[in-house]
Amino acid sequence: KMELFSIPPELFARQNLNHLQTLVLSSNFLRELPDGGGLEQLIQLRALDLSHNKINHLGGWIGKLQHLTNLNLMCNELEVVPPEIGDLAQLVTLGLKSNRLTELPDSVGNLHKLVHLFLTDHRLRTLPRPVVGMR
């Protein structure tokens, strides 16, 4: 646990992190990531764990992480999932459990490789039709 409240911009400015494949920033105090805080530059990431933070806003930058197979956003304060989440064509596991979601974007239905979708403990009233039809 690092007790981060924000991501220092210089943290990802180093060129030697371009090939980083796994990043765990769980159990901190991160709140908003509207512009990615530099995470959007880590285009080789396969696994990103932002669980157990206080994140209430996740920007469209998340869609730039085209190689992600595992995205853990569990136990945050997200009310909205950006539609760009549907651009993560390689995603196999999406953890959204224990947030404040009231809806999911239809673009989640574009995640054809998705095998694990964790949605318990939130305020969802309905699921988008494309999600209901997922296998």
# chains A, B, ... in the order shown; residues from 1 in each chain; ligands from 1

$ residues_around --residues "segment 75-86 of chain A" --least-positions-apart "2" --cutoff "8 Å" --atoms "only C-alpha atoms" --output "PyMOL selection string"
chain A and resi 51-63+73+88-89+96-111

$ select_by_dssp --residues "chain A" --states "strand (DSSP E)" --output "ChimeraX atom specification"
/A:22-24,32-33,47-49,57-58,70-72,93-95,116-118

$ write_last_selection --atoms "N, CA and C atoms" --output "compact mmCIF listing (two decimals), in the first residue's frame"
# COMPACT_ATOMS: atom_id res chain seq x y z
N THR A 22 1.89 -5.41 -16.39
CA THR A 22 1.00 -5.51 -15.23
C THR A 22 1.26 -4.33 -14.32
N LEU A 23 0.18 -3.69 -13.89
CA LEU A 23 0.30 -2.57 -12.96
C LEU A 23 -0.77 -2.71 -11.89
N VAL A 24 -0.34 -2.73 -10.64
CA VAL A 24 -1.25 -2.84 -9.50
C VAL A 24 -1.16 -1.55 -8.69
N GLU A 32 -9.97 10.46 -8.92
CA GLU A 32 -10.37 10.71 -10.30
C GLU A 32 -9.21 10.41 -11.24
N LEU A 33 -9.55 9.80 -12.35
CA LEU A 33 -8.56 9.55 -13.40
C LEU A 33 -9.13 9.99 -14.74
N ALA A 47 -2.68 -6.19 -17.70
CA ALA A 47 -3.48 -6.24 -16.47
C ALA A 47 -3.33 -4.93 -15.71
N LEU A 48 -4.47 -4.35 -15.35
CA LEU A 48 -4.50 -3.11 -14.58
C LEU A 48 -5.43 -3.29 -13.40
N ASP A 49 -4.87 -3.15 -12.21
CA ASP A 49 -5.65 -3.31 -10.98
C ASP A 49 -5.73 -1.97 -10.25
N HIS A 57 -14.45 8.72 -11.13
CA HIS A 57 -14.47 9.14 -12.53
C HIS A 57 -13.32 8.46 -13.26
N LEU A 58 -13.67 7.79 -14.33
CA LEU A 58 -12.68 7.13 -15.19
C LEU A 58 -12.91 7.66 -16.59
N ASN A 70 -7.20 -7.94 -18.42
CA ASN A 70 -7.76 -7.95 -17.08
C ASN A 70 -7.82 -6.51 -16.55
N LEU A 71 -9.02 -6.06 -16.23
CA LEU A 71 -9.22 -4.72 -15.67
C LEU A 71 -10.02 -4.86 -14.40
N ASN A 72 -9.39 -4.53 -13.29
CA ASN A 72 -10.03 -4.64 -11.98
C ASN A 72 -10.32 -3.25 -11.43
N THR A 93 -11.40 -10.37 -18.38
CA THR A 93 -11.96 -10.19 -17.04
C THR A 93 -12.18 -8.71 -16.77
N LEU A 94 -13.41 -8.37 -16.36
CA LEU A 94 -13.75 -7.00 -15.99
C LEU A 94 -14.40 -7.02 -14.61
N GLY A 95 -13.72 -6.44 -13.65
CA GLY A 95 -14.22 -6.39 -12.28
C GLY A 95 -14.82 -5.04 -11.97
N HIS A 116 -15.21 -13.24 -17.68
CA HIS A 116 -15.57 -12.95 -16.29
C HIS A 116 -16.00 -11.49 -16.17
N LEU A 117 -17.24 -11.28 -15.75
CA LEU A 117 -17.78 -9.94 -15.51
C LEU A 117 -18.35 -9.92 -14.10
N PHE A 118 -17.71 -9.15 -13.22
CA PHE A 118 -18.12 -9.08 -11.82
C PHE A 118 -18.95 -7.81 -11.60

$ atom_distance --atom1 "atom CA of His112 of chain A" --atom2 "atom CA of Val92 of chain A"
8.5 Å

$ atom_distance --atom1 "atom CA of Thr69 of chain A" --atom2 "atom CA of Asp35 of chain A"
20.8 Å

$ atom_distance --atom1 "atom CA of Thr120 of chain A" --atom2 "atom CA of Gln66 of chain A"
25.5 Å

$ select_by_dssp --residues "chain A" --states "helix (DSSP H, G or I)" --output "number ranges by chain"
A: 9-12, 15-17, 36-41, 60-64, 83-87, 106-110, 129-132

$ residues_around --residues "Leu45 of chain A" --least-positions-apart "5" --cutoff "6 Å" --atoms "only C-alpha atoms" --output "ChimeraX atom specification"
/A:20-22,68
